[in-house]
file entry.txt (compact mmCIF, C-alpha atoms)
# COMPACT_ATOMS: atom_id res chain seq x y z
CA MET A 1 -133.19 43.06 -48.91
CA ASN A 2 -134.58 46.53 -48.26
CA ARG A 3 -131.55 47.36 -46.09
CA ILE A 4 -129.23 46.20 -48.88
CA GLY A 5 -131.07 48.45 -51.31
CA LYS A 6 -130.76 51.48 -49.06
CA ARG A 7 -127.05 50.83 -48.58
CA TYR A 8 -125.89 49.97 -52.07
CA VAL A 9 -128.36 51.41 -54.61
CA PRO A 10 -126.83 54.90 -54.13
CA PHE A 11 -123.50 53.44 -55.26
CA MET A 12 -125.21 52.13 -58.41
CA LYS A 13 -126.71 55.55 -59.09
CA ALA A 14 -123.28 57.07 -58.62
CA GLY A 15 -121.89 54.67 -61.23
CA VAL A 16 -124.52 55.76 -63.77
CA GLN A 17 -123.92 59.44 -62.99
CA THR A 18 -120.16 59.02 -63.37
CA LEU A 19 -120.58 57.38 -66.77
CA ILE A 20 -122.93 60.16 -67.89
CA ALA A 21 -120.63 62.87 -66.54
CA TYR A 22 -117.67 61.43 -68.46
CA ARG A 23 -119.63 60.16 -71.45
CA LEU A 24 -117.05 61.42 -73.97
CA ASN A 25 -114.49 59.20 -72.27
CA PHE A 26 -116.88 56.24 -72.52
CA PHE A 27 -117.67 56.84 -76.19
CA GLY A 28 -113.97 57.28 -76.87
CA PHE A 29 -113.43 53.87 -75.30
CA VAL A 30 -116.18 52.40 -77.52
CA ILE A 31 -114.87 54.05 -80.69
CA GLY A 32 -111.37 52.81 -79.87
CA GLY A 33 -112.73 49.28 -79.64
CA LEU A 34 -114.55 49.72 -82.97
CA ILE A 35 -111.35 50.88 -84.69
CA TYR A 36 -109.53 47.89 -83.20
CA CYS A 37 -112.18 45.53 -84.63
CA ILE A 38 -111.92 47.12 -88.08
CA VAL A 39 -108.13 46.75 -88.08
CA MET A 40 -108.43 43.13 -86.96
CA PHE A 41 -111.05 42.51 -89.65
CA TYR A 42 -108.64 43.46 -92.42
CA LEU A 43 -105.84 41.52 -90.76
CA TRP A 44 -107.91 38.33 -90.63
CA LYS A 45 -109.26 38.98 -94.13
CA ALA A 46 -105.67 38.90 -95.35
CA VAL A 47 -105.12 35.64 -93.46
CA TYR A 48 -108.19 34.01 -95.02
CA ASP A 49 -107.28 35.29 -98.48
CA SER A 50 -103.78 33.85 -98.19
CA ALA A 51 -105.17 30.54 -96.88
CA GLY A 52 -107.26 30.27 -100.04
CA GLY A 53 -110.27 28.66 -98.39
CA ASP A 54 -113.64 29.52 -96.86
CA SER A 55 -112.63 28.15 -93.47
CA PHE A 56 -109.56 28.53 -91.26
CA LEU A 57 -109.08 26.34 -88.17
CA GLY A 58 -112.82 25.74 -87.91
CA PHE A 59 -113.92 29.38 -88.35
CA THR A 60 -115.39 30.84 -91.52
CA MET A 61 -114.66 34.50 -92.27
CA THR A 62 -118.23 35.39 -91.32
CA GLU A 63 -117.81 33.63 -87.97
CA MET A 64 -114.49 35.38 -87.40
CA VAL A 65 -116.13 38.79 -87.92
CA VAL A 66 -118.83 37.89 -85.40
CA TYR A 67 -116.17 36.62 -82.99
CA LEU A 68 -114.06 39.80 -83.27
CA PHE A 69 -116.90 42.24 -82.63
CA LEU A 70 -118.62 40.13 -79.98
CA ALA A 71 -115.36 39.37 -78.15
CA ASN A 72 -114.55 43.08 -78.03
CA THR A 73 -118.06 43.87 -76.79
CA THR A 74 -117.86 41.12 -74.16
CA THR A 75 -114.50 42.45 -72.98
CA GLN A 76 -116.00 45.90 -72.49
CA LEU A 77 -119.06 44.49 -70.71
CA THR A 78 -116.95 42.46 -68.28
CA TYR A 79 -114.20 45.07 -67.87
CA SER A 80 -113.70 46.06 -64.24
CA THR A 81 -111.93 49.21 -63.05
CA VAL A 82 -111.89 48.20 -59.40
CA SER A 83 -108.12 47.57 -59.27
CA GLY A 84 -107.39 51.05 -60.59
CA ASP A 85 -110.02 52.59 -58.32
CA ILE A 86 -108.48 51.00 -55.24
CA GLY A 87 -105.00 52.12 -56.29
CA ASP A 88 -106.16 55.71 -56.85
CA GLU A 89 -107.97 55.85 -53.51
CA ILE A 90 -104.94 54.54 -51.67
CA LYS A 91 -102.76 57.17 -53.32
CA ASP A 92 -105.03 60.10 -52.42
CA GLY A 93 -106.11 58.73 -49.06
CA SER A 94 -109.85 58.55 -49.83
CA ILE A 95 -109.79 54.79 -49.19
CA SER A 96 -110.01 55.58 -45.47
CA MET A 97 -113.38 57.31 -45.97
CA ARG A 98 -114.73 54.29 -47.86
CA MET A 99 -113.55 51.91 -45.15
CA ILE A 100 -115.30 53.73 -42.30
CA LYS A 101 -118.67 53.60 -44.05
CA PRO A 102 -121.14 50.95 -42.76
CA VAL A 103 -120.87 48.92 -45.98
CA ASP A 104 -118.69 46.12 -47.30
CA MET A 105 -115.98 47.74 -49.40
CA ASP A 106 -116.08 45.16 -52.18
CA TRP A 107 -119.86 45.41 -52.51
CA SER A 108 -119.68 49.21 -52.71
CA TYR A 109 -117.26 48.93 -55.63
CA LEU A 110 -119.43 46.24 -57.25
CA PHE A 111 -122.64 48.26 -57.17
CA THR A 112 -120.83 51.34 -58.50
CA GLU A 113 -119.69 49.31 -61.51
CA LEU A 114 -123.12 47.72 -61.98
CA GLY A 115 -124.57 51.15 -62.72
CA ALA A 116 -122.08 51.61 -65.54
CA ALA A 117 -122.59 48.01 -66.70
CA PHE A 118 -126.33 48.61 -67.15
CA MET A 119 -125.58 51.55 -69.44
CA LYS A 120 -123.12 49.44 -71.45
CA VAL A 121 -125.80 46.81 -72.10
CA VAL A 122 -128.16 49.44 -73.50
CA VAL A 123 -125.65 51.53 -75.43
CA LEU A 124 -123.27 48.78 -76.57
CA LEU A 125 -124.55 45.20 -76.40
CA ILE A 126 -127.94 45.70 -78.02
CA PRO A 127 -126.71 47.73 -81.05
CA VAL A 128 -123.75 45.39 -81.65
CA THR A 129 -125.98 42.29 -81.46
CA VAL A 130 -128.48 43.77 -83.92
CA GLY A 131 -125.68 44.81 -86.27
CA LEU A 132 -124.03 41.37 -86.18
CA GLU A 133 -127.31 39.58 -86.88
CA ILE A 134 -128.01 41.86 -89.84
CA TYR A 135 -124.49 41.13 -91.09
CA ARG A 136 -124.96 37.36 -90.72
CA TYR A 137 -128.29 37.51 -92.53
CA CYS A 138 -126.76 39.46 -95.42
CA MET A 139 -123.81 37.08 -95.69
CA LEU A 140 -125.63 33.76 -95.14
CA GLY A 141 -129.13 34.53 -96.38
CA GLU A 142 -130.87 33.21 -93.28
CA VAL A 143 -131.65 34.32 -89.75
CA MET A 144 -128.92 32.92 -87.46
CA PHE A 145 -130.12 34.54 -84.24
CA ARG A 146 -131.01 31.98 -81.55
CA PRO A 147 -132.84 33.47 -78.53
CA LEU A 148 -131.72 30.60 -76.25
CA ASN A 149 -128.08 31.13 -77.24
CA PHE A 150 -128.42 34.85 -76.51
CA LEU A 151 -129.94 34.21 -73.08
CA LEU A 152 -127.21 31.69 -72.24
CA TYR A 153 -124.63 34.17 -73.53
CA PHE A 154 -126.04 36.89 -71.28
CA LEU A 155 -125.96 34.52 -68.29
CA SER A 156 -122.37 33.63 -69.15
CA VAL A 157 -121.48 37.34 -69.39
CA ILE A 158 -122.87 37.91 -65.89
CA LEU A 159 -120.70 35.09 -64.54
CA ALA A 160 -117.75 36.39 -66.56
CA TYR A 161 -118.18 39.83 -65.02
CA ILE A 162 -118.30 38.38 -61.50
CA ILE A 163 -115.04 36.52 -62.15
CA SER A 164 -113.46 39.60 -63.74
CA PHE A 165 -114.52 41.80 -60.84
CA ARG A 166 -113.10 39.40 -58.24
CA VAL A 167 -109.85 38.91 -60.16
CA ASN A 168 -109.40 42.67 -60.42
CA LEU A 169 -110.39 43.10 -56.79
CA CYS A 170 -107.65 40.67 -55.74
CA PHE A 171 -105.23 42.56 -57.94
CA GLY A 172 -106.39 45.88 -56.49
CA PHE A 173 -105.53 44.69 -53.00
CA VAL A 174 -101.90 44.49 -54.17
CA ALA A 175 -101.95 48.30 -53.95
CA PHE A 176 -102.06 47.92 -50.17
CA TYR A 177 -98.50 46.62 -50.49
CA VAL A 178 -96.96 48.39 -53.53
CA LYS A 179 -98.98 51.66 -53.33
CA ASN A 180 -99.03 52.26 -57.13
CA LEU A 181 -100.62 49.87 -59.62
CA TRP A 182 -100.35 51.85 -62.86
CA GLY A 183 -97.67 49.70 -64.49
CA PHE A 184 -99.01 46.49 -62.99
CA ASN A 185 -102.48 47.29 -64.37
CA ILE A 186 -101.13 47.57 -67.92
CA LEU A 187 -99.35 44.23 -67.55
CA LYS A 188 -102.42 42.60 -66.02
CA ASN A 189 -104.76 43.82 -68.76
CA SER A 190 -102.40 42.60 -71.50
CA ILE A 191 -102.15 39.13 -69.96
CA ILE A 192 -105.90 38.83 -69.44
CA ASN A 193 -106.71 40.02 -72.98
CA PHE A 194 -104.43 37.34 -74.42
CA LEU A 195 -105.40 34.47 -72.14
CA SER A 196 -109.15 35.23 -72.30
CA GLY A 197 -109.26 34.88 -76.07
CA SER A 198 -110.23 38.47 -76.79
CA LEU A 199 -107.20 38.91 -79.08
CA ILE A 200 -106.98 35.44 -80.64
CA PRO A 201 -109.60 32.66 -80.31
CA LEU A 202 -108.31 29.96 -77.98
CA ALA A 203 -109.35 27.44 -80.65
CA PHE A 204 -106.36 28.65 -82.70
CA MET A 205 -103.86 27.73 -79.99
CA PRO A 206 -102.05 24.38 -79.62
CA ASP A 207 -104.29 21.65 -78.19
CA VAL A 208 -102.47 21.33 -74.86
CA MET A 209 -102.34 25.08 -74.28
CA ARG A 210 -105.99 25.51 -75.31
CA THR A 211 -107.14 22.76 -72.95
CA ILE A 212 -105.26 24.30 -70.04
CA LEU A 213 -106.55 27.81 -70.72
CA GLU A 214 -110.15 26.63 -71.07
CA TYR A 215 -110.05 25.40 -67.48
CA MET A 216 -108.48 28.61 -66.15
CA PRO A 217 -110.59 31.63 -65.11
CA PHE A 218 -109.39 33.75 -68.04
CA ALA A 219 -111.33 31.78 -70.69
CA SER A 220 -114.44 32.19 -68.53
CA MET A 221 -113.97 35.98 -68.71
CA GLY A 222 -114.37 36.26 -72.49
CA TYR A 223 -113.98 33.19 -74.67
CA THR A 224 -116.75 31.09 -73.12
CA PRO A 225 -119.61 33.63 -73.55
CA VAL A 226 -118.72 34.30 -77.20
CA MET A 227 -118.52 30.61 -78.10
CA ILE A 228 -121.90 30.04 -76.45
CA TYR A 229 -123.49 32.84 -78.48
CA MET A 230 -122.03 31.50 -81.71
CA GLY A 231 -123.37 28.01 -80.99
CA LYS A 232 -119.91 26.42 -81.01
CA TYR A 233 -120.73 24.32 -77.94
CA SER A 234 -123.14 21.42 -77.65
CA ALA A 235 -125.84 21.53 -74.97
CA TYR A 236 -123.71 19.38 -72.65
CA GLU A 237 -120.56 21.44 -73.22
CA THR A 238 -122.47 24.69 -72.69
CA ALA A 239 -123.70 23.44 -69.31
CA PHE A 240 -120.18 22.26 -68.48
CA ARG A 241 -118.61 25.62 -69.36
CA LEU A 242 -121.23 27.49 -67.33
CA GLY A 243 -120.42 25.15 -64.44
CA ILE A 244 -116.73 26.05 -64.73
CA GLN A 245 -117.67 29.73 -64.60
CA ILE A 246 -119.76 29.20 -61.46
CA VAL A 247 -116.89 27.35 -59.79
CA TRP A 248 -114.38 30.10 -60.63
CA ALA A 249 -116.79 32.80 -59.44
CA ALA A 250 -117.02 31.02 -56.07
CA VAL A 251 -113.26 30.39 -55.90
CA MET A 252 -112.35 33.98 -56.69
CA PHE A 253 -114.90 35.23 -54.16
CA GLY A 254 -113.18 33.16 -51.46
CA ILE A 255 -109.68 34.19 -52.56
CA SER A 256 -110.59 37.89 -52.57
CA LYS A 257 -111.93 37.62 -49.02
CA LEU A 258 -108.74 35.90 -47.82
CA ILE A 259 -106.49 38.47 -49.51
CA TRP A 260 -108.54 41.29 -48.00
CA ILE A 261 -107.95 39.97 -44.48
CA GLY A 262 -104.19 40.23 -44.99
CA ALA A 263 -104.18 43.40 -47.10
CA VAL A 264 -106.15 45.56 -44.68
CA LYS A 265 -103.45 45.00 -42.04
CA LYS A 266 -100.88 46.53 -44.39
CA LEU A 267 -102.83 49.70 -45.23
CA SER A 268 -100.94 52.95 -45.36
CA VAL A 269 -102.05 55.78 -47.63
CA GLN A 270 -99.86 58.36 -49.31
CA GLY A 271 -102.43 61.11 -49.30
CA GLY A 272 -104.00 60.60 -45.89

call {"tool": "encode", "arguments": {"input": "entry.txt", "output": "structure tokens"}}
result
Amino acid sequence: MNRIGKRYVPFMKAGVQTLIAYRLNFFGFVIGGLIYCIVMFYLWKAVYDSAGGDSFLGFTMTEMVVYLFLANTTTQLTYSTVSGDIGDEIKDGSISMRMIKPVDMDWSYLFTELGAAFMKVVVLLIPVTVGLEIYRYCMLGEVMFRPLNFLLYFLSVILAYIISFRVNLCFGFVAFYVKNLWGFNILKNSIINFLSGSLIPLAFMPDVMRTILEYMPFASMGYTPVMIYMGKYSAYETAFRLGIQIVWAAVMFGISKLIWIGAVKKLSVQGG
């Protein structure tokens, strides 16, 4: 364990320092997400007003507001830049320097992102959670915060991040073949945002499609943690959904290792 610390903790420190060095970029990302949530709030408000009821497809307006802000926050917490990082390093040739270091490449990327993830929990998750609970208290007149739900949500977010990191790692290895992932990254992010429920709750989709998506890794990357926090799952279903996340985390770990074995044989850098 001490050897692991000596090898990978510096990568975590580098992740924190990078986030601090480019903090305006980070806050711009956060503000952009906030503006998106405000726009979506008024869009859904119009939907609820036109529906003429307090509930729409099992969600009240108050629950929808919580879902929108928490889904956006969860997306930012689980967001992984590893695919873009790999693509950039292949283009400029610096990937060769990373590969000759006495560390596992995937773990070096992981610990770099963990440093930034810690900062996101402090700067983003805690304020958003407090704000949402104040909002729910003002709207409903009672304290809706459930410590157990929050702890299970946080556990689910950790599993969601592991899945997200491994999915993006697998995608990043595509750069070993195509050399430039910029366009593919945009396509990938759009697909994941839709299928993970960060744009529209999966509960709003047709039953067959919703059932299929809930068993795919994308729901585990966003929809599952939010629904756990909101108490939409029973105790049994919560345990079942966490089990699905654990399975996908293990599956994606194995897939990323297999893809790496083939990708490293195809390495050629444009800048090195």

call {"tool": "closest_residue", "arguments": {"input": "entry.txt", "among": "A:Gly172, A:Gly141, A:Pro217, A:Gly115", "to": "Thr18 of chain A", "atoms": "only C-alpha atoms"}}
result
A:Gly115

call {"tool": "atom_distance", "arguments": {"input": "entry.txt", "atom1": "atom CA of Asn168 of chain A", "atom2": "atom CA of Val251 of chain A"}}
result
13.6 Å

call {"tool": "residues_around", "arguments": {"input": "entry.txt", "residues": "Phe118 of chain A", "least_positions_apart": "4", "cutoff": "12 Å", "atoms": "only C-alpha atoms", "output": "PDB file with C-alpha atoms, in the coordinates of the input"}}
result
ATOM      1  CA  MET A  12    -125.210  52.130 -58.410  1.00  0.00           C
ATOM      2  CA  LYS A  13    -126.710  55.550 -59.090  1.00  0.00           C
ATOM      3  CA  GLY A  15    -121.890  54.670 -61.230  1.00  0.00           C
ATOM      4  CA  VAL A  16    -124.520  55.760 -63.770  1.00  0.00           C
ATOM      5  CA  GLN A  17    -123.920  59.440 -62.990  1.00  0.00           C
ATOM      6  CA  LEU A  19    -120.580  57.380 -66.770  1.00  0.00           C
ATOM      7  CA  GLN A  76    -116.000  45.900 -72.490  1.00  0.00           C
ATOM      8  CA  LEU A  77    -119.060  44.490 -70.710  1.00  0.00           C
ATOM      9  CA  THR A  78    -116.950  42.460 -68.280  1.00  0.00           C
ATOM     10  CA  PHE A 111    -122.640  48.260 -57.170  1.00  0.00           C
ATOM     11  CA  THR A 112    -120.830  51.340 -58.500  1.00  0.00           C
ATOM     12  CA  GLU A 113    -119.690  49.310 -61.510  1.00  0.00           C
ATOM     13  CA  LEU A 114    -123.120  47.720 -61.980  1.00  0.00           C
ATOM     14  CA  VAL A 122    -128.160  49.440 -73.500  1.00  0.00           C
ATOM     15  CA  VAL A 123    -125.650  51.530 -75.430  1.00  0.00           C
ATOM     16  CA  LEU A 124    -123.270  48.780 -76.570  1.00  0.00           C
ATOM     17  CA  LEU A 125    -124.550  45.200 -76.400  1.00  0.00           C
ATOM     18  CA  ILE A 126    -127.940  45.700 -78.020  1.00  0.00           C
ATOM     19  CA  ILE A 158    -122.870  37.910 -65.890  1.00  0.00           C
TER      20      ILE A 158
END

call {"tool": "residues_around", "arguments": {"input": "entry.txt", "residues": "segment 202-211 of chain A", "least_positions_apart": "5", "cutoff": "8 Å", "atoms": "only C-alpha atoms", "output": "list in words"}}
result
Leu57, Leu195, Ser196, Gly197 and Tyr223 of chain A

call {"tool": "atom_distance", "arguments": {"input": "entry.txt", "atom1": "atom CA of Thr75 of chain A", "atom2": "atom CA of Ser198 of chain A"}}
result
7.0 Å

call {"tool": "residues_around", "arguments": {"input": "entry.txt", "residues": "Gly33 of chain A", "least_positions_apart": "5", "cutoff": "12 Å", "atoms": "all atoms listed in the file", "output": "NGL selection string"}}
result
:A and (26-28 or 38-40 or 68-77 or 124 or 128 or 198-199)

call {"tool": "closest_residue", "arguments": {"input": "entry.txt", "among": "A:Gly52, A:Leu24, A:Ser94, A:Gly87", "to": "Phe173 of chain A", "atoms": "all atoms listed in the file"}}
result
A:Gly87

call {"tool": "residues_around", "arguments": {"input": "entry.txt", "residues": "Ser80 of chain A", "least_positions_apart": "6", "cutoff": "10 Å", "atoms": "all atoms listed in the file", "output": "VMD selection string"}}
result
chain A and resid 109 to 110 113 to 114 117 161 to 169

call {"tool": "atom_distance", "arguments": {"input": "entry.txt", "atom1": "atom CA of Lys91 of chain A", "atom2": "atom CA of Trp182 of chain A"}}
result
11.2 Å

call {"tool": "closest_residue", "arguments": {"input": "entry.txt", "among": "A:Phe11, A:Tyr36, A:Phe171, A:Tyr135", "to": "Ile259 of chain A", "atoms": "all atoms listed in the file"}}
result
A:Phe171

call {"tool": "axis_aligned_box", "arguments": {"input": "entry.txt", "around": "segment 223-234 of chain A", "padding_each_side": "5 Å", "output": "lines of an AutoDock Vina configuration file"}}
result
center_x = -118.7
center_y = 27.9
center_z = -77.4
size_x = 19.5
size_y = 22.9
size_z = 18.6

call {"tool": "closest_residue", "arguments": {"input": "entry.txt", "among": "A:Ile192, A:Ile228, A:Met139, A:Ala175", "to": "Val65 of chain A", "atoms": "all atoms listed in the file"}}
result
A:Met139

call {"tool": "residues_around", "arguments": {"input": "entry.txt", "residues": "Ile95 of chain A", "least_positions_apart": "4", "cutoff": "8 Å", "atoms": "only C-alpha atoms", "output": "PyMOL selection string"}}
result
chain A and resi 86+89-90+99+269

call {"tool": "closest_residue", "arguments": {"input": "entry.txt", "among": "A:Phe29, A:Val103, A:Val82, A:Met64", "to": "Lys120 of chain A", "atoms": "all atoms listed in the file"}}
result
A:Phe29

call {"tool": "closest_residue", "arguments": {"input": "entry.txt", "among": "A:Leu132, A:Ile212, A:Cys170, A:Leu242", "to": "Met230 of chain A", "atoms": "all atoms listed in the file"}}
result
A:Leu132
